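Student: This is the content of run.cif (mmCIF, C-alpha atoms):
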data_data
loop_
_atom_site.label_atom_id
_atom_site.label_comp_id
_atom_site.auth_asym_id
_atom_site.auth_seq_id
_atom_site.Cartn_x
_atom_site.Cartn_y
_atom_site.Cartn_z
CA MET R 1 51.23 117.65 107.01
CA THR R 2 48.02 119.27 108.26
CA ARG R 3 45.16 117.60 110.13
CA ALA R 4 43.08 117.63 106.93
CA GLY R 5 45.92 116.15 104.89
CA LYS R 6 46.56 113.39 107.38
CA HIS R 7 42.89 112.41 107.55
CA ILE R 8 42.54 112.39 103.77
CA TYR R 9 45.70 110.31 103.37
CA THR R 10 44.46 107.76 105.91
CA PHE R 11 41.03 107.70 104.29
CA LEU R 12 42.40 106.97 100.80
CA ASP R 13 44.87 104.47 102.21
CA ASP R 14 42.04 102.68 104.04
CA HIS R 15 40.21 102.47 100.70
CA LEU R 16 43.30 100.84 99.17
CA GLY R 17 43.98 104.01 97.21
CA ILE R 18 40.70 104.20 95.29
CA TYR R 19 37.56 105.94 96.46
CA ASP R 20 34.41 106.71 94.44
CA ASN R 21 32.17 109.29 96.05
CA PRO R 22 28.36 109.26 95.64
CA GLN R 23 28.55 112.02 93.03
CA GLY R 24 30.61 109.81 90.70
CA ILE R 25 34.00 111.33 91.39
CA GLU R 26 36.88 108.88 91.69
CA TYR R 27 40.06 109.57 93.66
CA ILE R 28 43.09 107.38 93.00
CA MET R 29 46.20 107.47 95.16
CA ASN R 30 49.20 105.90 93.46
CA MET R 31 51.99 103.91 95.10
CA ASP R 32 54.15 107.05 95.25
CA ASP R 33 51.30 108.84 97.10
CA SER R 34 50.48 111.07 94.13
CA VAL R 35 46.75 111.48 93.53
CA PHE R 36 44.59 111.91 90.47
CA VAL R 37 40.87 112.52 90.27
CA VAL R 38 38.48 111.48 87.51
CA CYS R 39 34.85 112.28 86.78
CA ASN R 40 33.10 110.92 83.70
CA LEU R 41 30.71 113.27 81.95
CA ASN R 42 27.58 111.64 80.67
CA PRO R 43 26.51 111.05 78.07
CA PRO R 44 29.80 110.90 76.13
CA PRO R 45 29.70 112.34 72.59
CA GLU R 46 29.78 108.78 71.16
CA PRO R 47 29.37 105.38 72.82
CA TYR R 48 32.97 104.40 71.97
CA VAL R 49 34.38 107.42 73.80
CA ASP R 50 35.30 107.99 77.44
CA TYR R 51 34.87 111.64 78.15
CA GLY R 52 35.20 113.60 81.36
CA LEU R 53 37.24 115.68 83.75
CA ILE R 54 40.61 114.64 85.12
CA TYR R 55 42.85 116.19 87.70
CA PRO R 56 46.18 114.72 86.58
CA SER R 57 48.50 113.05 89.10
CA GLN R 58 50.04 115.46 91.55
CA PRO R 59 52.00 114.96 94.78
CA PHE R 60 49.70 114.39 97.72
CA GLN R 61 50.17 117.80 99.35
CA THR R 62 49.65 119.60 96.02
CA PHE R 63 46.40 117.69 95.61
CA VAL R 64 45.18 118.74 99.09
CA ASP R 65 46.23 122.34 98.47
CA ASP R 66 44.66 122.55 95.01
CA PHE R 67 41.31 121.22 96.20
CA GLN R 68 41.44 123.09 99.53
CA PHE R 69 39.98 120.13 101.36
CA SER R 70 39.09 120.57 105.01
CA GLY R 71 38.86 116.84 105.69
CA THR R 72 37.48 113.56 104.45
CA ARG R 73 33.90 114.79 104.32
CA ALA R 74 34.96 117.26 101.67
CA LEU R 75 36.07 114.32 99.50
CA GLN R 76 32.80 112.55 100.08
CA THR R 77 30.59 115.53 99.35
CA MET R 78 32.52 117.07 96.46
CA THR R 79 30.54 117.59 93.26
CA PRO R 80 31.75 118.06 89.67
CA ASP R 81 31.28 121.83 90.16
CA LYS R 82 34.60 121.98 91.97
CA LEU R 83 36.35 120.14 89.16
CA TRP R 84 34.82 122.59 86.68
CA ALA R 85 36.13 125.47 88.77
CA LEU R 86 39.61 123.93 88.73
CA TYR R 87 39.20 123.40 84.97
CA GLN R 88 38.67 127.15 84.63
CA LYS R 89 41.94 127.65 86.51
CA GLY R 90 43.78 125.31 84.15
CA LYS R 91 44.40 122.66 86.82
CA VAL R 92 41.86 120.13 85.62
CA GLU R 93 41.74 118.76 82.08
CA ILE R 94 39.02 117.40 79.85
CA PHE R 95 39.96 113.94 78.67
CA CYS R 96 38.67 112.41 75.49
CA THR R 97 39.56 108.75 74.99
CA ILE R 98 38.72 106.69 71.94
CA VAL R 99 38.12 103.15 73.09
CA VAL R 100 37.89 100.54 70.31
CA LYS R 101 38.56 96.96 71.41
CA VAL R 102 42.16 97.11 72.64
CA VAL R 103 42.82 100.57 71.26
CA PHE R 104 42.90 103.43 73.73
CA TYR R 105 43.81 106.81 72.40
CA ALA R 106 43.49 109.70 74.82
CA LEU R 107 44.07 113.41 74.68
CA TYR R 108 43.84 115.81 77.60
CA PHE R 109 42.79 119.42 77.15
CA ARG R 110 43.37 122.20 79.63
CA LEU R 111 42.66 125.90 79.47
CA ALA R 112 45.60 128.23 78.99
CA LYS R 113 46.04 131.97 78.77
CA ASN R 114 44.98 134.11 75.81
CA ASN R 115 41.97 132.01 74.94
CA THR R 116 43.99 128.94 74.03
CA MET R 117 44.21 125.34 75.18
CA ILE R 118 47.10 123.00 75.85
CA VAL R 119 46.64 119.49 74.52
CA ARG R 120 48.59 116.66 76.18
CA ASP R 121 48.88 113.04 75.17
CA ASP R 122 49.66 109.93 77.20
CA TYR R 123 53.38 110.51 76.67
CA ASP R 124 53.07 113.98 78.21
CA GLN R 125 53.84 115.60 74.87
CA GLU R 126 52.03 118.91 74.70
CA HIS R 127 51.04 121.36 72.01
CA GLU R 128 49.01 124.52 71.96
CA LEU R 129 45.62 124.82 70.38
CA GLY R 130 44.78 128.28 69.09
CA MET R 131 41.19 128.14 70.30
CA VAL R 132 39.04 126.91 73.17
CA PHE R 133 36.77 123.95 72.61
CA THR R 134 33.44 124.05 74.38
CA SER R 135 31.32 121.24 73.00
CA PRO R 136 31.99 117.51 73.50
CA ASN R 137 31.95 116.99 69.73
CA GLN R 138 34.79 119.45 69.24
CA PHE R 139 36.93 117.46 71.67
CA LEU R 140 35.99 114.21 69.97
CA GLU R 141 36.58 115.43 66.41
CA TYR R 142 39.98 116.79 67.35
CA THR R 143 40.95 113.58 69.18
CA GLU R 144 39.83 111.47 66.24
CA SER R 145 41.75 113.61 63.77
CA ARG R 146 44.94 113.31 65.85
CA PHE R 147 44.36 109.60 66.22
CA TYR R 148 44.10 109.15 62.44
CA VAL R 149 47.16 111.31 61.83
CA GLU R 150 49.27 109.37 64.30
CA THR R 151 48.08 105.83 63.71
CA GLY R 152 46.21 105.79 60.41
CA PRO R 153 42.53 104.90 60.02
CA GLN R 154 42.64 101.49 61.75
CA CYS R 155 39.10 101.34 62.97
CA MET Y 1 10.75 119.56 100.97
CA LYS Y 2 11.12 123.30 101.28
CA ARG Y 3 13.60 124.68 98.79
CA THR Y 4 16.11 127.23 100.04
CA ASN Y 5 16.35 130.28 97.85
CA GLU Y 6 19.70 132.00 97.41
CA SER Y 7 18.26 135.05 99.17
CA ASP Y 8 17.20 132.93 102.18
CA LYS Y 9 20.79 132.01 102.97
CA ASP Y 10 22.83 133.99 105.50
CA PRO Y 11 25.61 136.19 104.06
CA ILE Y 12 28.43 133.85 105.13
CA THR Y 13 26.78 130.83 103.52
CA ARG Y 14 26.14 132.83 100.37
CA PHE Y 15 29.73 134.09 100.27
CA LEU Y 16 31.28 130.66 100.81
CA THR Y 17 28.93 129.02 98.34
CA ASN Y 18 29.95 131.56 95.71
CA ASN Y 19 33.61 130.80 96.48
CA LEU Y 20 33.21 127.05 96.04
CA GLY Y 21 32.96 126.58 99.79
CA PHE Y 22 36.41 127.88 100.67
CA TYR Y 23 37.91 131.13 101.90
CA THR Y 24 41.24 132.06 103.50
CA ASN Y 25 41.20 135.45 105.16
CA PRO Y 26 44.21 137.81 105.42
CA PHE Y 27 45.12 136.27 108.78
CA GLY Y 28 45.36 132.77 107.33
CA VAL Y 29 42.11 131.58 108.87
CA GLN Y 30 40.47 129.09 106.53
CA SER Y 31 36.70 128.69 106.37
CA PHE Y 32 35.07 125.78 104.61
CA LEU Y 33 31.46 125.14 103.75
CA LEU Y 34 30.84 121.61 102.60
CA GLU Y 35 28.18 120.62 100.11
CA ASP Y 36 26.15 119.06 102.95
CA GLY Y 37 26.11 122.35 104.87
CA ALA Y 38 28.80 121.51 107.44
CA PHE Y 39 30.99 124.47 108.35
CA ASN Y 40 34.65 124.17 109.39
CA ILE Y 41 37.08 126.87 110.38
CA THR Y 42 40.76 126.34 111.06
CA ALA Y 43 44.00 128.23 111.60
CA HIS Y 44 47.57 127.49 112.52
CA TYR Y 45 48.39 128.15 116.18
CA PRO Y 46 49.32 131.85 116.23
CA GLY Y 47 52.70 133.36 116.97
CA ILE Y 48 54.88 130.26 117.08
CA LEU Y 49 57.56 128.76 114.88
CA LEU Y 50 57.60 124.98 115.01
CA ASP Y 51 60.33 122.46 114.20
CA THR Y 52 59.98 120.45 111.01
CA GLY Y 53 57.40 117.70 111.35
CA TYR Y 54 55.19 119.47 113.89
CA THR Y 55 51.87 121.14 113.11
CA MET Y 56 49.47 122.81 115.53
CA GLU Y 57 46.05 123.88 114.36
CA VAL Y 58 43.02 125.27 116.12
CA CYS Y 59 39.77 124.14 114.52
CA ILE Y 60 36.05 124.11 114.83
CA GLU Y 61 34.59 121.27 112.82
CA ASP Y 62 31.24 120.07 111.60
CA ILE Y 63 29.00 122.79 112.91
CA THR Y 64 26.57 124.97 111.02
CA VAL Y 65 27.17 128.55 110.05
CA ALA Y 66 24.30 129.46 112.39
CA HIS Y 67 26.02 127.70 115.30
CA PHE Y 68 29.30 129.41 114.46
CA SER Y 69 27.53 132.78 114.45
CA GLN Y 70 25.99 131.93 117.80
CA LEU Y 71 29.41 131.06 119.25
CA THR Y 72 31.28 134.08 117.95
CA GLY Y 73 28.75 136.76 117.10
CA ILE Y 74 30.13 136.72 113.55
CA THR Y 75 27.29 137.09 111.11
CA THR Y 76 28.73 139.06 108.20
CA VAL Y 77 31.34 138.44 105.53
CA GLU Y 78 33.13 141.60 106.66
CA GLN Y 79 33.57 140.06 110.11
CA LEU Y 80 34.76 136.79 108.58
CA HIS Y 81 37.56 138.74 106.85
CA PHE Y 82 38.84 139.79 110.27
CA VAL Y 83 38.63 136.53 112.20
CA SER Y 84 42.06 135.98 113.70
CA PRO Y 85 43.72 132.74 114.86
CA HIS Y 86 43.63 134.28 118.36
CA LEU Y 87 39.84 134.22 118.27
CA LEU Y 88 39.94 130.49 117.58
CA LEU Y 89 42.44 130.09 120.41
CA GLU Y 90 40.03 131.88 122.75
CA LEU Y 91 37.33 129.48 121.61
CA TYR Y 92 39.64 126.57 122.39
CA ILE Y 93 40.16 127.93 125.89
CA LYS Y 94 36.38 128.21 126.26
CA GLY Y 95 36.01 124.62 125.11
CA ALA Y 96 34.34 125.42 121.79
CA ALA Y 97 37.29 124.61 119.52
CA ILE Y 98 39.79 121.78 119.37
CA LEU Y 99 43.55 121.88 119.19
CA SER Y 100 45.11 119.40 116.78
CA VAL Y 101 48.81 118.64 117.22
CA LEU Y 102 50.60 116.55 114.63
CA TYR Y 103 54.06 115.09 114.66
CA ASP Y 104 55.39 113.53 111.47
CA ASN Y 105 58.90 112.07 111.76
CA GLY Y 106 59.02 111.02 108.11
CA ASP Y 107 58.13 107.39 108.83
CA CYS Y 108 55.09 107.81 111.03
CA CYS Y 109 52.57 110.51 111.77
CA TRP Y 110 50.86 110.95 115.12
CA GLU Y 111 48.01 113.27 115.88
CA LEU Y 112 46.51 114.17 119.21
CA VAL Y 113 43.40 116.26 119.56
CA PHE Y 114 43.02 118.38 122.69
CA HIS Y 115 39.69 119.66 123.92
CA ARG Y 116 39.00 121.59 127.12
CA LYS Y 117 35.99 120.59 129.14
CA ASP Y 118 35.10 121.27 132.79
CA GLY Y 119 38.55 122.71 133.46
CA LYS Y 120 40.31 119.60 132.21
CA VAL Y 121 42.12 118.88 128.99
CA HIS Y 122 40.74 115.84 127.19
CA VAL Y 123 43.08 114.14 124.75
CA LYS Y 124 42.07 111.97 121.83
CA ASP Y 125 44.10 109.72 119.55
CA GLU Y 126 41.57 109.34 116.74
CA ASP Y 127 43.70 106.78 114.88
CA ASP Y 128 43.64 104.33 117.76
CA GLU Y 129 40.25 105.48 119.07
CA LEU Y 130 41.71 106.28 122.46
CA SER Y 131 40.77 109.15 124.73
CA TRP Y 132 41.83 110.18 128.18
CA VAL Y 133 42.21 113.19 130.44
CA ALA Y 134 45.64 114.77 130.51
CA ARG Y 135 47.29 114.72 133.92
CA LYS Y 136 49.93 117.24 132.96
CA LYS Y 137 49.28 120.93 132.78
CA LEU Y 138 48.93 121.74 129.10
CA GLU Y 139 48.86 125.44 128.39
CA LYS Y 140 51.80 126.69 126.37
CA PRO Y 141 52.55 125.44 122.83
CA ALA Y 142 55.73 123.78 124.13
CA ASP Y 143 53.63 121.72 126.56
CA PHE Y 144 51.68 120.22 123.67
CA ILE Y 145 54.79 119.65 121.57
CA ASN Y 146 56.53 117.83 124.43
CA TYR Y 147 53.36 115.86 125.08
CA ILE Y 148 53.06 114.53 121.52
CA THR Y 149 56.80 113.92 121.24
CA ASN Y 150 56.66 111.74 124.36
CA TYR Y 151 53.49 110.07 123.10
CA ALA Y 152 55.16 109.24 119.78
CA LYS Y 153 58.09 107.63 121.62
CA LYS Y 154 55.71 105.31 123.45
CA HIS Y 155 53.43 104.42 120.52
#
Output the file's structure as structure tokens, nothing else.

Tutor:
Amino acid sequence: MTRAGKHIYTFLDDHLGIYDNPQGIEYIMNMDDSVFVVCNLNPPPEPYVDYGLIYPSQPFQTFVDDFQFSGTRALQTMTPDKLWALYQKGKVEIFCTIVVKVVFYALYFRLAKNNTMIVRDDYDQEHELGMVFTSPNQFLEYTESRFYVETGPQC
Amino acid sequence: MKRTNESDKDPITRFLTNNLGFYTNPFGVQSFLLEDGAFNITAHYPGILLDTGYTMEVCIEDITVAHFSQLTGITTVEQLHFVSPHLLLELYIKGAAILSVLYDNGDCCWELVFHRKDGKVHVKDEDDELSWVARKKLEKPADFINYITNYAKKH
């Protein structure tokens, strides 16, 4: 482990595994020390939707390496720009979650080669999308269509 | 408040900003520019192969790019490409950089930070907020490794 890694680990541990920085980015360290990072994008395309950027759970050292953190201040000062840059590299996904009462249906979209996207669900099942979505409504419409196909029009 | 134009920034700040605040040069020296303007530079101790669990890094932390330029004479991106770990080691010897030594035995991780001042080596255990002046002569990498190994046995 490096000095930066050790300090970041201690910092997250001291925050009981969850830290929200002033720019609205949340870091969550799981019991197995893997880390994921979430940033909501506002406003969401519809009020019943959670929409934002997510760095999916990765082992601690992978997380430190991917973000190239120099220490805890880098966590505190990080802005969504860095998550967008990692999105361009295919390491961060856009999540689109339909939230209706107790129903949560989420899809995760990440950029892939040849102008395509990979779509992942909560069961880590993936499929390729032959295009790249750019607007929040595209993500929402696609998520809703998959939701209806898989569960029927319940809401 | 006076706004800083892109053209007002020094070349290193501009370069790092355009690279999301991070750059590793061909010699493995990592430079970081945080969103709040703090500049860090770090490298692994040069020319040594360490046992598993040990890490030695030479770092300069939380200064400004202007201060770094003042310390080293490095003002251009071209010069930043050629900063070697040996330069950071020279700065440690001059008292301008710190030496971080970590020992991780799998269960616990210890870190001691060494800093030269007035011909003495000051040691800091940042986890326990302890600092003292080393009585032993600490010059070669093996001296630091033995020092932290003994420290870990006692703490």

Student: With all atoms listed in the file counted and 7 Å as the cut-off, give the residues of chain R in contact with chain Y, each with its shortest interatomic distance in Å and the pair that gives it, as CSV.

Tutor:
residue,atom,partner,partner_atom,distance
R:Thr2,CA,Y:Thr55,CA,6.5
R:Arg3,CA,Y:Ser100,CA,6.9
R:Ser70,CA,Y:Phe32,CA,6.6
R:Ala74,CA,Y:Leu34,CA,6.1
R:Thr77,CA,Y:Glu35,CA,5.7
R:Met78,CA,Y:Glu35,CA,6.7
R:Lys82,CA,Y:Leu20,CA,6.6

Student: Would you export the selected residues with C-alpha atoms as a PDB file, in the frame of the given file, please?

Tutor:
ATOM      1  CA  THR R   2      48.020 119.270 108.260  1.00  0.00           C
ATOM      2  CA  ARG R   3      45.160 117.600 110.130  1.00  0.00           C
ATOM      3  CA  SER R  70      39.090 120.570 105.010  1.00  0.00           C
ATOM      4  CA  ALA R  74      34.960 117.260 101.670  1.00  0.00           C
ATOM      5  CA  THR R  77      30.590 115.530  99.350  1.00  0.00           C
ATOM      6  CA  MET R  78      32.520 117.070  96.460  1.00  0.00           C
ATOM      7  CA  LYS R  82      34.600 121.980  91.970  1.00  0.00           C
TER       8      LYS R  82
END

Student: Output the residue selection produced by the PyMOL selection byres ((chain R and resi 63) around 12) on the file above, formatted as a ChimeraX atom specification.

Tutor: /R:4-5,8-9,27-29,33-37,55-62,64-69,75,86,91-92

Student: At what distance in Å, to one decimal, does atom CA of R:Gly90 lie from atom CA of R:Arg110?

Tutor: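 Computing the Euclidean distance for atom CA of R:Arg110 and atom CA of R:Gly90 yields 5.5 Å.
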
Student: Enter the distance from atom CA of R:Gln76 to atom CA of Y:Phe114, in Å, rounded to one decimal.

Tutor: 25.5 Å

Student: Just how far from atom CA of R:Leu111 is atom CA of R:Gly130, in Å to one decimal?

Tutor: 10.9 Å

Student: Taking the file as I've supplied it (selection: the PyMOL selection byres ((chain R and resi 106) around 8)), which residues are included? Please answer as a PyMOL selection string.

Tutor: chain R and resi 95-98+104-105+107-108+121-122+143

Student: Find the residue from Y:Ala97, Y:Val133, Y:Leu91, Y:Val77 that sits nearest to Y:Ile60; use only C-alpha atoms when measuring.

Tutor: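 Closest candidate: Y:Ala97.
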
Student: Residues at most 9 Å from Y:Thr75, counting all atoms listed in the file, excluding those fewer than 2 positions away in the same chain, as a list in words?

Tutor: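 Result of the neighbour search: Asp10, Pro11, Ile12, Val65, Ala66, Phe68, Ser69, Gln70, Thr72, Gly73, Val77, Glu78, Gln79 and Leu80 of chain Y.
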
Student: Name the residues in contact with Y:Lys137 at a cut-off of 12 Å, using all atoms listed in the file, excluding same-chain residues fewer than 4 positions from it; report them as number ranges by chain.

Tutor: Y: 116, 119-122, 133, 141-144, 146-147

Student: Residues as selected, C-alpha atoms, written as a JSON list (two decimals), in the frame of the given file, can you do that?

Tutor:
[["chain", "number", "residue", "atom", "x", "y", "z"],
["Y", 116, "ARG", "CA", 39.00, 121.59, 127.12],
["Y", 119, "GLY", "CA", 38.55, 122.71, 133.46],
["Y", 120, "LYS", "CA", 40.31, 119.60, 132.21],
["Y", 121, "VAL", "CA", 42.12, 118.88, 128.99],
["Y", 122, "HIS", "CA", 40.74, 115.84, 127.19],
["Y", 133, "VAL", "CA", 42.21, 113.19, 130.44],
["Y", 141, "PRO", "CA", 52.55, 125.44, 122.83],
["Y", 142, "ALA", "CA", 55.73, 123.78, 124.13],
["Y", 143, "ASP", "CA", 53.63, 121.72, 126.56],
["Y", 144, "PHE", "CA", 51.68, 120.22, 123.67],
["Y", 146, "ASN", "CA", 56.53, 117.83, 124.43],
["Y", 147, "TYR", "CA", 53.36, 115.86, 125.08]]

Student: For R:Gln23, which residue out of R:Thr79, R:Asn137, R:Thr72, R:Asn40 is the nearest one, using only C-alpha atoms?

Tutor: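 The closest residue to R:Gln23 is R:Thr79.
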
Student: Restricting the calculation to all atoms listed in the file, which member of R:Pro80, R:Gly17, R:Pro136, R:Gly71 is positioned closest to R:Pro43?

Tutor: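 Answer, going by the shortest atom-to-atom distance: R:Pro136.
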